[in-house]
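Peer 1: What follows is the file data-v1.cif, containing mmCIF, C-alpha atoms and all ligand atoms:
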data_work
#
loop_
_atom_site.label_atom_id
_atom_site.label_comp_id
_atom_site.auth_asym_id
_atom_site.auth_seq_id
_atom_site.Cartn_x
_atom_site.Cartn_y
_atom_site.Cartn_z
CA MET A 1 -234.11 -31.44 141.55
CA PHE A 2 -232.75 -29.71 144.58
CA VAL A 3 -231.42 -30.36 148.05
CA ARG A 4 -233.87 -29.07 150.66
CA SER A 5 -231.65 -29.56 153.66
CA VAL A 6 -228.29 -30.86 154.76
CA GLU A 7 -227.41 -32.44 158.08
CA LEU A 8 -223.86 -33.36 158.99
CA ASN A 9 -222.42 -35.23 161.93
CA ASN A 10 -218.70 -35.50 162.55
CA TYR A 11 -218.03 -34.76 158.91
CA ARG A 12 -214.47 -33.35 158.66
CA ASN A 13 -214.44 -30.10 160.69
CA TYR A 14 -218.23 -30.13 161.27
CA GLY A 15 -219.42 -31.51 164.63
CA SER A 16 -223.09 -31.25 163.94
CA LEU A 17 -224.77 -29.05 161.38
CA ALA A 18 -228.29 -28.64 160.02
CA LEU A 19 -229.21 -26.18 157.33
CA ASP A 20 -232.08 -25.51 154.94
CA LEU A 21 -231.06 -24.55 151.45
CA SER A 22 -232.77 -22.38 148.89
CA PRO A 23 -233.63 -24.03 145.55
CA GLY A 24 -231.74 -21.10 143.98
CA ILE A 25 -228.25 -19.77 144.69
CA ASN A 26 -226.73 -20.56 148.09
CA LEU A 27 -223.53 -18.77 148.97
CA PHE A 28 -220.98 -19.88 151.55
CA TYR A 29 -218.20 -17.45 152.24
CA GLY A 30 -215.40 -17.13 154.72
CA ASP A 31 -211.66 -17.28 155.13
CA ASN A 32 -209.56 -20.21 154.04
CA ALA A 33 -209.69 -23.54 155.90
CA GLN A 34 -213.07 -22.85 157.56
CA GLY A 35 -215.07 -25.69 155.98
CA LYS A 36 -216.57 -24.28 152.76
CA THR A 37 -215.20 -27.00 150.52
CA ASN A 38 -215.96 -29.64 153.16
CA LEU A 39 -219.64 -28.73 153.01
CA LEU A 40 -219.80 -29.03 149.22
CA GLU A 41 -217.81 -32.24 149.43
CA ALA A 42 -220.39 -33.70 151.85
CA VAL A 43 -223.19 -33.11 149.34
CA TYR A 44 -221.02 -34.54 146.58
CA ALA A 45 -220.11 -37.57 148.71
CA CYS A 46 -223.75 -38.38 149.41
CA ALA A 47 -224.59 -38.10 145.70
CA THR A 48 -221.64 -40.06 144.35
CA THR A 49 -220.58 -42.16 147.39
CA SER A 50 -217.04 -40.87 147.08
CA SER A 51 -215.08 -37.76 147.86
CA HIS A 52 -213.92 -35.57 145.01
CA ARG A 53 -210.56 -35.06 146.64
CA SER A 54 -209.53 -37.93 148.86
CA SER A 55 -209.10 -41.48 147.77
CA LYS A 56 -209.60 -42.76 151.28
CA ASP A 57 -213.25 -42.64 152.30
CA ARG A 58 -212.47 -42.62 156.00
CA GLU A 59 -210.63 -39.30 155.76
CA ILE A 60 -213.99 -37.55 155.91
CA ILE A 61 -214.58 -38.75 159.49
CA ALA A 62 -213.85 -35.89 161.89
CA PHE A 63 -210.56 -36.27 163.75
CA GLY A 64 -211.14 -38.25 166.93
CA ALA A 65 -214.64 -39.46 165.92
CA GLU A 66 -215.65 -43.01 165.00
CA GLU A 67 -218.19 -42.25 162.31
CA ALA A 68 -219.38 -39.54 159.96
CA HIS A 69 -222.91 -39.02 158.74
CA VAL A 70 -224.45 -37.00 155.91
CA ARG A 71 -228.21 -36.71 155.58
CA LEU A 72 -229.84 -34.91 152.69
CA TYR A 73 -233.48 -34.26 151.96
CA VAL A 74 -233.72 -34.16 148.21
CA GLU A 75 -236.73 -33.00 146.23
CA LYS A 76 -237.26 -34.48 142.80
CA ARG A 77 -240.45 -34.09 140.77
CA GLY A 78 -242.38 -33.02 143.87
CA VAL A 79 -241.29 -36.00 145.96
CA THR A 80 -238.90 -35.60 148.89
CA LYS A 81 -236.49 -38.40 149.72
CA ARG A 82 -234.16 -38.75 152.64
CA LEU A 83 -230.69 -39.90 151.70
CA ASP A 84 -228.33 -41.12 154.39
CA TYR A 85 -224.65 -41.72 153.84
CA HIS A 86 -222.62 -43.06 156.67
CA ILE A 87 -218.97 -43.99 157.14
CA SER A 88 -217.59 -45.65 160.22
CA ARG A 89 -213.99 -46.53 160.92
CA ALA A 90 -215.07 -50.05 161.83
CA LYS A 91 -217.60 -50.88 159.12
CA GLY A 92 -216.85 -48.59 156.20
CA LYS A 93 -219.61 -47.14 154.04
CA GLU A 94 -223.33 -47.57 154.45
CA ALA A 95 -226.28 -45.83 152.87
CA ALA A 96 -230.05 -45.66 153.13
CA ILE A 97 -232.95 -44.15 151.22
CA ASP A 98 -235.93 -43.09 153.32
CA GLY A 99 -234.54 -45.09 156.20
CA ILE A 100 -234.24 -48.32 154.22
CA PRO A 101 -230.63 -49.57 154.22
CA LEU A 102 -229.13 -50.30 150.81
CA ALA A 103 -227.36 -53.57 150.06
CA LYS A 104 -224.67 -51.61 148.20
CA THR A 105 -223.85 -47.94 148.72
CA SER A 106 -223.59 -47.59 144.94
CA GLU A 107 -227.41 -47.87 144.84
CA LEU A 108 -227.40 -44.31 146.10
CA LEU A 109 -226.04 -43.15 142.75
CA GLY A 110 -228.61 -41.45 140.57
CA GLN A 111 -230.76 -40.30 143.49
CA LEU A 112 -229.18 -36.87 143.52
CA HIS A 113 -227.32 -35.63 140.50
CA VAL A 114 -224.49 -33.18 141.13
CA VAL A 115 -221.95 -31.41 138.96
CA PHE A 116 -218.88 -30.27 140.84
CA PHE A 117 -216.78 -27.45 139.50
CA SER A 118 -213.57 -26.39 141.24
CA PRO A 119 -210.35 -24.67 140.19
CA GLU A 120 -208.82 -28.14 139.65
CA ASP A 121 -211.40 -28.71 136.90
CA LEU A 122 -210.06 -25.66 135.13
CA LYS A 123 -206.89 -27.67 134.73
CA ILE A 124 -208.61 -30.82 133.49
CA ILE A 125 -207.28 -30.31 129.97
CA LYS A 126 -203.65 -30.08 131.10
CA SER A 127 -203.70 -32.64 133.88
CA SER A 128 -203.12 -36.37 133.51
CA PRO A 129 -205.47 -38.69 131.56
CA VAL A 130 -206.55 -40.18 134.91
CA GLU A 131 -208.40 -36.93 135.67
CA ARG A 132 -210.23 -37.06 132.36
CA ARG A 133 -211.22 -40.69 132.86
CA THR A 134 -212.44 -39.78 136.34
CA PHE A 135 -214.52 -37.04 134.79
CA LEU A 136 -216.16 -39.62 132.49
CA ASN A 137 -216.69 -42.08 135.33
CA VAL A 138 -218.20 -39.63 137.79
CA GLU A 139 -220.73 -38.47 135.24
CA LEU A 140 -221.56 -41.84 133.72
CA CYS A 141 -221.90 -43.55 137.11
CA GLN A 142 -224.51 -40.99 138.11
CA LEU A 143 -226.37 -41.46 134.85
CA SER A 144 -226.25 -45.22 134.49
CA PRO A 145 -226.38 -48.01 137.10
CA LEU A 146 -225.26 -50.40 134.35
CA TYR A 147 -222.11 -48.33 133.80
CA THR A 148 -221.40 -48.38 137.56
CA ARG A 149 -221.66 -52.17 137.63
CA LEU A 150 -219.46 -52.56 134.56
CA LEU A 151 -216.83 -50.24 135.96
CA VAL A 152 -216.66 -52.05 139.29
CA GLU A 153 -216.43 -55.39 137.51
CA TYR A 154 -213.81 -54.11 135.08
CA LYS A 155 -211.58 -52.70 137.83
CA LYS A 156 -211.81 -55.91 139.83
CA THR A 157 -211.01 -58.10 136.83
CA LEU A 158 -208.15 -55.84 135.80
CA MET A 159 -206.55 -56.17 139.23
CA GLN A 160 -206.94 -59.95 139.13
CA ARG A 161 -205.49 -60.16 135.63
CA ASN A 162 -202.52 -58.00 136.58
CA ALA A 163 -201.82 -60.19 139.60
CA LEU A 164 -202.00 -63.26 137.41
CA LEU A 165 -199.65 -61.72 134.83
CA LYS A 166 -197.00 -61.41 137.53
CA GLU A 167 -197.55 -65.02 138.62
CA ALA A 168 -197.33 -66.21 135.02
CA ARG A 169 -193.78 -64.91 134.78
CA GLU A 170 -192.62 -67.68 137.10
CA LYS A 171 -195.20 -70.37 136.49
CA SER A 172 -196.13 -71.03 132.89
CA GLU A 173 -199.20 -73.09 133.87
CA TYR A 174 -200.84 -69.79 134.92
CA ARG A 175 -200.83 -68.62 131.30
CA LYS A 176 -203.82 -70.81 130.48
CA LEU A 177 -205.85 -69.17 133.25
CA LEU A 178 -205.43 -65.83 131.52
CA ASP A 179 -207.95 -66.88 128.85
CA ILE A 180 -210.81 -66.57 131.35
CA TYR A 181 -209.68 -63.16 132.54
CA ASP A 182 -209.12 -61.89 129.01
CA GLU A 183 -212.65 -62.84 128.08
CA LYS A 184 -214.21 -61.21 131.12
CA LEU A 185 -212.06 -58.10 130.87
CA SER A 186 -212.73 -57.54 127.19
CA ALA A 187 -216.48 -58.14 127.57
CA CYS A 188 -216.70 -55.41 130.25
CA GLY A 189 -214.13 -53.24 128.52
CA GLU A 190 -215.96 -53.21 125.19
CA GLN A 191 -219.18 -52.12 126.86
CA LEU A 192 -217.45 -49.41 128.87
CA MET A 193 -215.83 -48.05 125.72
CA GLN A 194 -219.19 -48.01 123.92
CA GLU A 195 -220.84 -46.09 126.74
CA ARG A 196 -217.96 -43.65 126.95
CA ALA A 197 -217.88 -43.11 123.19
CA ALA A 198 -221.61 -42.36 123.03
CA PHE A 199 -221.41 -40.03 126.04
CA THR A 200 -218.39 -38.15 124.70
CA GLU A 201 -219.97 -37.72 121.30
CA GLU A 202 -223.12 -36.20 122.74
CA LEU A 203 -221.12 -34.03 125.14
CA ALA A 204 -218.84 -32.87 122.31
CA GLY A 205 -221.79 -31.58 120.29
CA ILE A 206 -223.13 -29.53 123.19
CA ALA A 207 -219.69 -28.29 124.30
CA SER A 208 -218.86 -27.16 120.81
CA SER A 209 -221.85 -24.83 120.59
CA ILE A 210 -221.28 -23.54 124.13
CA HIS A 211 -217.64 -22.87 123.30
CA ARG A 212 -218.58 -20.97 120.17
CA ASP A 213 -220.87 -18.83 122.29
CA LEU A 214 -218.20 -18.26 124.99
CA THR A 215 -215.69 -17.11 122.37
CA GLU A 216 -218.17 -15.02 120.35
CA GLY A 217 -217.86 -17.41 117.42
CA LYS A 218 -214.08 -17.15 117.21
CA GLU A 219 -213.16 -20.71 118.15
CA THR A 220 -214.36 -24.18 117.22
CA LEU A 221 -213.90 -26.77 119.92
CA SER A 222 -213.85 -30.44 119.13
CA ILE A 223 -213.72 -33.21 121.72
CA SER A 224 -212.79 -36.72 120.76
CA TYR A 225 -212.87 -40.00 122.57
CA GLU A 226 -209.63 -41.93 122.14
CA PRO A 227 -210.24 -45.50 123.33
CA GLY A 228 -207.45 -47.45 125.02
CA ALA A 229 -208.17 -50.47 122.82
CA ASP A 230 -209.49 -50.91 119.29
CA PRO A 231 -213.26 -51.19 119.76
CA GLY A 232 -214.43 -54.69 118.88
CA LYS A 233 -210.89 -56.03 119.08
CA MET A 234 -209.95 -55.80 122.73
CA GLY A 235 -210.01 -59.58 123.33
CA GLU A 236 -207.87 -60.16 120.28
CA THR A 237 -205.37 -57.49 121.29
CA LEU A 238 -205.10 -58.85 124.83
CA PHE A 239 -204.23 -62.23 123.39
CA MET A 240 -201.73 -60.85 120.88
CA THR A 241 -199.93 -58.72 123.45
CA ARG A 242 -199.97 -61.25 126.26
CA ASP A 243 -196.20 -61.77 126.33
CA ARG A 244 -195.62 -58.05 126.59
CA ASP A 245 -198.21 -57.81 129.39
CA ILE A 246 -196.56 -60.66 131.28
CA ALA A 247 -193.16 -58.97 130.99
CA ALA A 248 -194.62 -55.65 132.16
CA GLY A 249 -196.83 -57.22 134.83
CA SER A 250 -199.67 -54.98 133.72
CA THR A 251 -202.39 -54.79 131.09
CA GLY A 252 -201.45 -52.59 128.15
CA CYS A 253 -204.80 -52.09 126.45
CA GLY A 254 -208.33 -51.33 127.55
CA PRO A 255 -210.48 -48.45 128.76
CA HIS A 256 -208.14 -47.87 131.71
CA ARG A 257 -205.90 -46.35 129.01
CA ASP A 258 -208.63 -44.15 127.49
CA GLU A 259 -207.99 -40.51 126.70
CA ILE A 260 -210.14 -37.56 125.71
CA GLY A 261 -208.66 -35.16 123.19
CA PHE A 262 -209.56 -31.47 123.03
CA ALA A 263 -208.81 -29.39 119.97
CA ILE A 264 -209.51 -25.80 119.07
CA ASP A 265 -209.61 -25.25 115.33
CA GLU A 266 -208.04 -28.69 115.04
CA ILE A 267 -205.02 -27.84 117.19
CA SER A 268 -204.52 -29.74 120.47
CA VAL A 269 -205.49 -27.58 123.45
CA LYS A 270 -203.40 -29.68 125.79
CA HIS A 271 -200.19 -29.10 123.84
CA TYR A 272 -200.67 -25.72 122.23
CA GLY A 273 -203.60 -23.99 123.92
CA SER A 274 -203.06 -20.82 125.93
CA GLN A 275 -204.06 -20.86 129.58
CA GLY A 276 -207.14 -18.82 128.69
CA GLN A 277 -208.14 -21.31 126.00
CA GLN A 278 -207.68 -24.20 128.40
CA ARG A 279 -209.90 -22.53 130.97
CA THR A 280 -212.57 -21.69 128.46
CA THR A 281 -212.48 -25.27 127.21
CA ALA A 282 -212.89 -26.57 130.77
CA LEU A 283 -215.79 -24.18 131.30
CA SER A 284 -217.43 -25.30 128.04
CA LEU A 285 -217.01 -28.89 129.17
CA LYS A 286 -218.65 -28.30 132.55
CA LEU A 287 -221.52 -26.28 131.11
CA ALA A 288 -222.03 -29.03 128.53
CA GLU A 289 -222.11 -31.58 131.33
CA ILE A 290 -224.97 -29.69 133.00
CA GLU A 291 -226.87 -29.48 129.72
CA LEU A 292 -226.34 -33.15 128.96
CA VAL A 293 -227.63 -34.20 132.38
CA LYS A 294 -230.73 -32.06 131.79
CA ARG A 295 -231.35 -33.86 128.51
CA LYS A 296 -230.73 -37.30 129.93
CA ILE A 297 -232.74 -37.13 133.12
CA GLY A 298 -235.14 -34.35 132.22
CA GLU A 299 -234.03 -32.27 135.19
CA ALA A 300 -231.19 -29.97 136.07
CA PRO A 301 -228.48 -31.32 138.37
CA VAL A 302 -227.37 -29.51 141.51
CA LEU A 303 -224.29 -27.44 140.82
CA LEU A 304 -221.45 -27.23 143.32
CA LEU A 305 -219.20 -24.30 142.48
CA ASP A 306 -216.14 -24.27 144.68
CA ASP A 307 -214.05 -21.11 144.46
CA VAL A 308 -214.19 -20.94 140.69
CA LEU A 309 -215.58 -17.46 140.12
CA SER A 310 -212.44 -15.72 141.28
CA GLU A 311 -210.49 -17.78 138.74
CA LEU A 312 -212.54 -16.58 135.78
CA ASP A 313 -212.60 -13.20 134.07
CA GLU A 314 -215.79 -11.14 134.12
CA ASN A 315 -216.98 -12.28 130.72
CA ARG A 316 -216.69 -15.95 131.65
CA GLN A 317 -218.20 -15.31 135.09
CA ASP A 318 -221.23 -13.77 133.37
CA LYS A 319 -221.62 -16.73 131.04
CA LEU A 320 -221.37 -19.16 133.91
CA LEU A 321 -223.77 -17.27 136.16
CA GLY A 322 -226.16 -16.72 133.26
CA SER A 323 -226.44 -20.43 132.74
CA ILE A 324 -227.17 -21.36 136.35
CA ARG A 325 -230.34 -19.33 136.79
CA GLU A 326 -232.62 -22.35 136.81
CA ILE A 327 -230.24 -24.56 138.74
CA GLN A 328 -229.79 -24.98 142.47
CA THR A 329 -226.24 -23.86 143.14
CA LEU A 330 -224.04 -24.14 146.21
CA LEU A 331 -221.31 -21.64 145.72
CA THR A 332 -218.26 -20.83 147.80
CA CYS A 333 -215.93 -17.86 147.79
CA THR A 334 -213.55 -16.20 150.18
CA GLY A 335 -214.92 -12.68 150.04
CA MET A 336 -218.25 -11.06 149.33
CA ASP A 337 -216.66 -8.30 147.25
CA GLU A 338 -217.17 -9.79 143.84
CA PHE A 339 -220.82 -10.48 144.58
CA VAL A 340 -221.48 -7.02 145.88
CA LYS A 341 -219.61 -5.52 142.96
CA ARG A 342 -221.33 -7.67 140.37
CA GLN A 343 -224.79 -7.49 141.96
CA ILE A 344 -225.32 -11.18 141.75
CA ASN A 345 -228.61 -12.38 143.11
CA VAL A 346 -227.93 -14.70 145.98
CA ASP A 347 -230.96 -16.35 147.59
CA LYS A 348 -229.34 -17.42 150.83
CA LYS A 349 -225.92 -16.82 152.26
CA TRP A 350 -223.88 -18.03 155.19
CA LYS A 351 -220.58 -17.10 156.71
CA VAL A 352 -218.44 -20.12 157.50
CA VAL A 353 -216.11 -19.98 160.51
CA SER A 354 -214.37 -23.16 161.76
CA GLY A 355 -217.14 -25.56 160.90
CA SER A 356 -220.06 -23.41 161.99
CA LEU A 357 -222.40 -21.37 159.85
CA THR A 358 -224.10 -18.05 160.47
CA GLN A 359 -226.86 -17.17 158.07
CA GLY A 360 -227.36 -13.90 156.30
CA VAL A 361 -224.39 -11.93 157.56
N1 LIG B 401 -211.34 -35.45 158.98
C1 LIG B 401 -211.23 -34.19 159.41
N2 LIG B 401 -211.53 -33.87 160.69
C2 LIG B 401 -211.46 -32.60 161.14
N3 LIG B 401 -211.07 -31.56 160.37
C3 LIG B 401 -210.75 -31.82 159.10
C4 LIG B 401 -210.82 -33.13 158.55
N4 LIG B 401 -210.45 -33.07 157.25
C5 LIG B 401 -210.15 -31.78 157.01
N5 LIG B 401 -210.32 -31.02 158.12
C6 LIG B 401 -210.10 -29.58 158.28
O1 LIG B 401 -210.93 -28.85 157.41
C7 LIG B 401 -210.28 -27.63 157.08
C8 LIG B 401 -210.37 -27.37 155.60
O2 LIG B 401 -211.67 -27.13 155.27
P1 LIG B 401 -212.05 -26.69 153.80
O3 LIG B 401 -213.50 -26.95 153.67
O4 LIG B 401 -211.15 -27.30 152.79
O5 LIG B 401 -211.75 -25.13 153.88
P2 LIG B 401 -212.18 -23.95 152.94
O6 LIG B 401 -213.14 -23.12 153.76
O7 LIG B 401 -210.92 -23.22 152.65
O8 LIG B 401 -212.82 -24.53 151.72
C9 LIG B 401 -208.82 -27.76 157.48
O9 LIG B 401 -208.58 -26.91 158.55
C10 LIG B 401 -208.68 -29.21 157.86
O10 LIG B 401 -207.80 -29.39 158.91
MG MG B 402 -212.03 -24.52 149.78
#
Starting from the file, lay out its structure as structure tokens.
Peer 2:
Amino acid sequence: MFVRSVELNNYRNYGSLALDLSPGINLFYGDNAQGKTNLLEAVYACATTSSHRSSKDREIIAFGAEEAHVRLYVEKRGVTKRLDYHISRAKGKEAAIDGIPLAKTSELLGQLHVVFFSPEDLKIIKSSPVERRTFLNVELCQLSPLYTRLLVEYKKTLMQRNALLKEAREKSEYRKLLDIYDEKLSACGEQLMQERAAFTEELAGIASSIHRDLTEGKETLSISYEPGADPGKMGETLFMTRDRDIAAGSTGCGPHRDEIGFAIDEISVKHYGSQGQQRTTALSLKLAEIELVKRKIGEAPVLLLDDVLSELDENRQDKLLGSIREIQTLLTCTGMDEFVKRQINVDKKWKVVSGSLTQGV
């Protein structure tokens, strides 16, 4: 699959923009703070209905404007679809496929599959567990509408249960109500954990062979899913630990406490890995993600590479670039030097200056 064209209106520092992409490698270069990341973010936002960097959707609306619009023409198995993603300050998010409005914006998920790779991802191993759970969610939501529904339901129920836990401190009659929430939460939670376990296992197998290749056979990477509740026993645990939860005012077990462990030759990368090992692990993980998507949907995702090349040494750059030959890539960097030096084949390139693009310079 690939994105044929992108149109933006009042999206961050873009007033209006229309550009046709190549199905191959598209390069956006320019100084800092010109709009390179914003452009990749717009494609990501239309694919995933969220921004990779801001928690508040409305932040993508250009300063002083009322609404932002992203339109993508996406080609998949010879069929072109028009995806519209719209955010207004008054009404929030809306989306449409081929001009037909969607009841929920989440129905846009799965239309365009993207893998985003930025310098922050190179730190995914070291950063907080939230980042690793987000990694799982972003990927699984694109792959499975069922997962998306479960996740939304789980988050909603978790918030309600936590609110009730606080109430139950004062009013003991609220305790009884917790039964209903425990049942709902554990039903969703168990399914989420199953999906995450299966996904992580498959990803681990692929990542391990990629990692071996990246390190010329020197290192063995293993990735493990560490669920935030004993699978099959979440309901029971919620009941057993209810008093503790009431005292804390929050839910102590469940997939919102999940972790992913990374080990090289059985030693934790997070605690003992060198910076180089952490980066290579992150790269293995991202490359595995691309491969897994290919297997699952029978097509390559679109790769968004934001400023990562300069963060990798030449060997890792080669491995990364070698594996994106068949994949539409939108790539940003600050200078052209590394591309000229490394003779990388770029199909189309643009210079980005304050939210406007000039092609082929
Ligand atoms: N909602 C917004 N409206 C207008 N400009 C914005 C908005 N959000 C971010 N910006 C501007 O976008 C610029 C950053 O663009 P970015 O794509 O991150 O740059 P880079 O080219 O370094 O990747 C900043 O100058 C910032 O002020
Ligand atoms: Mg940037």
Peer 1: Suppose you want the space between atom CA of Gly273 of chain A and atom MG of ligand MG 402 (chain B); what is it in Å?
Peer 2: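 Separation of atom CA of Gly273 of chain A and atom MG of ligand MG 402 (chain B): 27.2 Å.
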Peer 1: Taking all atoms listed in the file into account, which residues have an atom no farther than 12 Å from ligand LIG 401 (chain B)? I'd like them as a ChimeraX atom specification.
Peer 2: /A:9-15,28-42,51-54,56-68,87,89,118-119,305-308,331-335,350-357
Peer 1: Of the residues A:Lys349, A:Leu146, A:Val152, A:Leu304, which is the one nearest to ligand MG 402 (chain B), using all atoms listed in the file?
Peer 2: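 Closest candidate: A:Leu304.
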Peer 1: Skip Ile297 of chain A itself and residues of its chain fewer than 4 positions away, then list as an mmCIF file with C-alpha atoms, keeping the file's coordinate frame all residues within 10 Å of it, counting all atoms listed in the file.
Peer 2:
data_model
loop_
_atom_site.group_PDB
_atom_site.id
_atom_site.type_symbol
_atom_site.label_atom_id
_atom_site.label_comp_id
_atom_site.auth_asym_id
_atom_site.auth_seq_id
_atom_site.Cartn_x
_atom_site.Cartn_y
_atom_site.Cartn_z
ATOM 1 C CA GLY A 110 -228.610 -41.450 140.570
ATOM 2 C CA HIS A 113 -227.320 -35.630 140.500
ATOM 3 C CA LEU A 143 -226.370 -41.460 134.850
ATOM 4 C CA LEU A 292 -226.340 -33.150 128.960
ATOM 5 C CA VAL A 293 -227.630 -34.200 132.380
ATOM 6 C CA PRO A 301 -228.480 -31.320 138.370
#
Peer 1: At a cut-off of 12 Å, using only C-alpha atoms, what residues contact Ile206 of chain A? Leave out same-chain residues fewer than 6 positions from it and give the result as a list in words.
Peer 2: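 Returned residues: Phe199, Thr200, Arg212, Asp213, Thr220, Leu221, Ser222, Ile223, Ser284, Leu285, Lys286, Leu287, Ala288, Glu289, Ile290, Glu291, Leu292, Val293, Lys294 and Arg295 of chain A.
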Peer 1: Counting only C-alpha atoms, which residue out of A:Arg316, A:Arg257, A:Lys81, A:Lys76 sits closest to Gly276 of chain A?
Peer 2: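 Of all the options, A:Arg316 lies closest to Gly276 of chain A.
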Peer 1: Counting only C-alpha atoms and all ligand atoms, which residue out of A:Glu202, A:Thr280, A:Phe117, A:Arg149 sits closest to ligand MG 402 (chain B)?
Peer 2: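 Between A:Glu202, A:Thr280, A:Phe117, A:Arg149, the residue approaching ligand MG 402 (chain B) most closely is A:Phe117.
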Peer 1: Kindly give the distance, in Å, that separates atom CA of Leu192 of chain A and atom CA of Tyr154 of chain A, rounded to a single decimal.
Peer 2: 8.6 Å
Peer 1: Please provide as a list in words all residues within 10 Å of Leu109 of chain A, with the sequence filter that same-chain residues fewer than 2 positions apart are discarded (counting all atoms listed in the file).
Peer 2: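 Contacts, with the query itself left out: Cys46, Ala47, Thr48, Thr49, Thr105, Ser106, Glu107, Gln111, Leu112, His113, Val138, Cys141, Gln142, Leu143, Ser144, Pro145 and Thr148 of chain A.
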Peer 1: How would the residues just picked look written out with C-alpha atoms as a PDB file, keeping the file's coordinate frame?
Peer 2:
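The result, stored in selection33.pdb:
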ATOM      1  CA  CYS A  46    -223.750 -38.380 149.410  1.00  0.00           C
ATOM      2  CA  ALA A  47    -224.590 -38.100 145.700  1.00  0.00           C
ATOM      3  CA  THR A  48    -221.640 -40.060 144.350  1.00  0.00           C
ATOM      4  CA  THR A  49    -220.580 -42.160 147.390  1.00  0.00           C
ATOM      5  CA  THR A 105    -223.850 -47.940 148.720  1.00  0.00           C
ATOM      6  CA  SER A 106    -223.590 -47.590 144.940  1.00  0.00           C
ATOM      7  CA  GLU A 107    -227.410 -47.870 144.840  1.00  0.00           C
ATOM      8  CA  GLN A 111    -230.760 -40.300 143.490  1.00  0.00           C
ATOM      9  CA  LEU A 112    -229.180 -36.870 143.520  1.00  0.00           C
ATOM     10  CA  HIS A 113    -227.320 -35.630 140.500  1.00  0.00           C
ATOM     11  CA  VAL A 138    -218.200 -39.630 137.790  1.00  0.00           C
ATOM     12  CA  CYS A 141    -221.900 -43.550 137.110  1.00  0.00           C
ATOM     13  CA  GLN A 142    -224.510 -40.990 138.110  1.00  0.00           C
ATOM     14  CA  LEU A 143    -226.370 -41.460 134.850  1.00  0.00           C
ATOM     15  CA  SER A 144    -226.250 -45.220 134.490  1.00  0.00           C
ATOM     16  CA  PRO A 145    -226.380 -48.010 137.100  1.00  0.00           C
ATOM     17  CA  THR A 148    -221.400 -48.380 137.560  1.00  0.00           C
TER      18      THR A 148
END
Peer 1: When you count all atoms listed in the file, which of these residues is closest to His271 of chain A: A:Leu19, A:Thr241, A:Ile125, A:Pro101?
Peer 2: A:Ile125
Peer 1: One decimal, in Å: what's the spacing between atom CA of His86 of chain A and atom CA of Glu131 of chain A?
Peer 2: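 Interatomic distance, atom CA of His86 of chain A to atom CA of Glu131 of chain A: 26.1 Å.
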